[in-house]
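In what follows, a single structure is set out as structure tokens and then discussed.
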Amino acid sequence: MAKEPVRVLVTGAAGQIGYALVPMIARGVMLGSDQPIILHMLDIEPATEALNGVKMELVDAAFPLLIDVVATTDAMVACKGVNIAVMVGGFPRKEGMERKDVMSKNVSIYKAQASALEKQAAPDCKVLVVANPANTNALILKEFAPSIPEKNITCLTRLDHNRALGQLSERLKIHVGQVKNVIIWGSHSSTQYPDVNHATVTPTNSEEKPVRSVVADDNWLNTEFITTVQQRGAAIIKARKLSSALSAAREHGCPWECILMDHMEFNLALSTHSQLHVIKDNGQLLRG
């Protein structure tokens, strides 16, 4: 029996991350290969033409799972009946800016969008906050959309986790899938702490070993590794003159449902005002 379509909202859909993210959702990367999607796309009025262009491309791609597309600059229309909201839209971080520098500009944006979700979204709507500062924006959204269960509002800071995995795999010249149990403590900001003290690596044709023993360079792990992960976003902005898009879309294209399909690790910011490391084991979520 065919599943009922799920309504998925992406704000800032005409932007860099949104443009990379919506086709991933439309082809089933987020919710699975058998889940029909009605995609709601929201952006600001100056981006109307670009937003319509994204809609045209989605139609042209003829995704089998994509039942319909709603493209609008009206938050009330965009939020109507949505089951999942991926909040990408926000003032973009530019070269020389920290995540905290965009906070004041994004507060008003998140207040308005939270109010629209409060009035229009499905009662069990799940909300994933992306725009920086993601942790703070999630808190703002929780305050202005009080009817949405607190447990349903998250900001997925998996990008920091992926960046840490990438640095370790490059250092050790192994596949990123051979590194696991890296933890990111703190906010999605330059004050975060990438923790490898519980991390392990499984070298080719060898047994699982602690990352510290395989790297065998505590000075690098305690200095350059940490600052590289902390400042990776700024480094990408300096190199591209634009903020992360491809890697950010990769991160946010696979939240709750997709993550829980298999045994895998990820980092998820919850309403505990901290970041917890979560592992799925035999159907249970283990937090540590």
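Ordering of the structure tokens sets the chain letters (A, B, ...), residue numbers begin anew at 1 in every chain, and ligands are numbered from 1 in the order given.
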Looking only at the backbone, which of the residues in stretch 60-190 of chain A does DSSP tag as strand (DSSP E or B), as a list in words?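 For stretch 60-190 of chain A, the strand (DSSP E or B) set is Leu66, Ile67, Asp68, Val69, Val70, Ala71, Thr72, Ile84, Ala85, Val86, Met87, Lys126, Val127, Leu128, Val129, Ile153, Thr154, Cys155, Val179, Lys180, Ile183, Ile184 and Trp185 of chain A.
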For N, CA, C and O atoms, I'd like the residues from the last selection saved as a compact mmCIF listing (two decimals), in the first residue's frame.
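Listing of again29.txt after writing:
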# COMPACT_ATOMS: atom_id res chain seq x y z
N LEU A 66 8.21 12.92 -5.93
CA LEU A 66 7.76 14.29 -5.74
C LEU A 66 6.34 14.47 -6.28
O LEU A 66 6.12 14.52 -7.49
N ILE A 67 5.38 14.59 -5.36
CA ILE A 67 3.97 14.69 -5.74
C ILE A 67 3.59 16.10 -6.14
O ILE A 67 2.83 16.32 -7.09
N ASP A 68 4.12 17.10 -5.41
CA ASP A 68 3.77 18.49 -5.70
C ASP A 68 4.83 19.40 -5.10
O ASP A 68 5.59 19.00 -4.21
N VAL A 69 4.86 20.64 -5.61
CA VAL A 69 5.81 21.64 -5.11
C VAL A 69 5.05 22.93 -4.84
O VAL A 69 4.31 23.43 -5.69
N VAL A 70 5.22 23.47 -3.64
CA VAL A 70 4.67 24.77 -3.27
C VAL A 70 5.84 25.72 -3.13
O VAL A 70 6.73 25.51 -2.31
N ALA A 71 5.87 26.76 -3.96
CA ALA A 71 6.95 27.75 -3.90
C ALA A 71 6.33 29.10 -3.59
O ALA A 71 5.49 29.60 -4.35
N THR A 72 6.73 29.73 -2.49
CA THR A 72 6.07 30.95 -2.05
C THR A 72 7.00 31.82 -1.22
O THR A 72 8.01 31.34 -0.68
N ILE A 84 7.41 18.23 8.34
CA ILE A 84 8.83 18.43 8.63
C ILE A 84 9.23 19.80 8.10
O ILE A 84 8.89 20.16 6.97
N ALA A 85 9.95 20.56 8.92
CA ALA A 85 10.43 21.87 8.49
C ALA A 85 11.95 21.92 8.63
O ALA A 85 12.48 21.70 9.73
N VAL A 86 12.63 22.16 7.52
CA VAL A 86 14.08 22.30 7.52
C VAL A 86 14.38 23.79 7.34
O VAL A 86 14.21 24.34 6.25
N MET A 87 14.81 24.42 8.42
CA MET A 87 14.93 25.88 8.46
C MET A 87 16.33 26.32 8.03
O MET A 87 17.22 26.56 8.84
N LYS A 126 8.09 18.16 12.90
CA LYS A 126 9.46 18.09 13.36
C LYS A 126 10.24 19.21 12.68
O LYS A 126 10.12 19.41 11.48
N VAL A 127 11.05 19.91 13.47
CA VAL A 127 11.75 21.09 12.96
C VAL A 127 13.25 20.91 13.10
O VAL A 127 13.75 20.59 14.19
N LEU A 128 13.95 21.13 12.01
CA LEU A 128 15.40 21.03 11.98
C LEU A 128 15.97 22.40 11.63
O LEU A 128 15.72 22.91 10.54
N VAL A 129 16.70 23.01 12.54
CA VAL A 129 17.24 24.35 12.33
C VAL A 129 18.65 24.26 11.74
O VAL A 129 19.49 23.51 12.23
N ILE A 153 12.11 19.73 18.11
CA ILE A 153 12.91 20.85 17.60
C ILE A 153 14.38 20.57 17.86
O ILE A 153 14.81 20.42 19.00
N THR A 154 15.15 20.48 16.79
CA THR A 154 16.57 20.18 16.90
C THR A 154 17.36 21.07 15.95
O THR A 154 16.81 21.67 15.03
N CYS A 155 18.66 21.15 16.19
CA CYS A 155 19.54 21.65 15.12
C CYS A 155 20.62 20.61 14.93
O CYS A 155 21.32 20.22 15.86
N VAL A 179 36.62 5.62 10.56
CA VAL A 179 36.73 6.39 11.80
C VAL A 179 35.35 6.50 12.43
O VAL A 179 34.37 6.79 11.76
N LYS A 180 35.27 6.29 13.74
CA LYS A 180 33.97 6.44 14.40
C LYS A 180 34.14 6.90 15.84
O LYS A 180 35.23 6.93 16.39
N ILE A 183 33.18 12.88 18.92
CA ILE A 183 32.13 13.65 19.58
C ILE A 183 32.42 15.14 19.44
O ILE A 183 33.58 15.56 19.55
N ILE A 184 31.37 15.93 19.20
CA ILE A 184 31.50 17.39 19.21
C ILE A 184 30.76 17.92 20.43
O ILE A 184 29.55 17.73 20.56
N TRP A 185 31.47 18.56 21.32
CA TRP A 185 30.85 19.16 22.51
C TRP A 185 30.67 20.66 22.29
O TRP A 185 31.52 21.31 21.69
From stretch 51-252 of chain A, collect each residue whose DSSP state is helix (DSSP H, G or I) and return the set as a PyMOL selection string. chain A and resi 51-61+75-78+99-120+134-144+150-152+158-172+176-178+211-215+218-222+224-230+232-240+246-252
Residues at most 9 Å from A:Leu172, counting only C-alpha atoms, excluding those fewer than 2 positions away in the same chain, as a PyMOL selection string? chain A and resi 167-170+174-175+203+214-215
Between A:Thr136, A:Val176, A:Lys3, A:His161, which one has atoms that come closest to A:Ser104, using only C-alpha atoms? A:Thr136
Could you tell me how far atom CA of A:Lys55 sits from atom CA of A:Ile109, in Å to one decimal place?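 A separation of 22.8 Å between them.
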Would you mind listing what lies within 9 Å of A:Phe91 as an MDAnalysis selection string, with only C-alpha atoms counted and same-chain residues fewer than 3 positions away left out? chainID A and resid 102:103 105:106 109 131:132
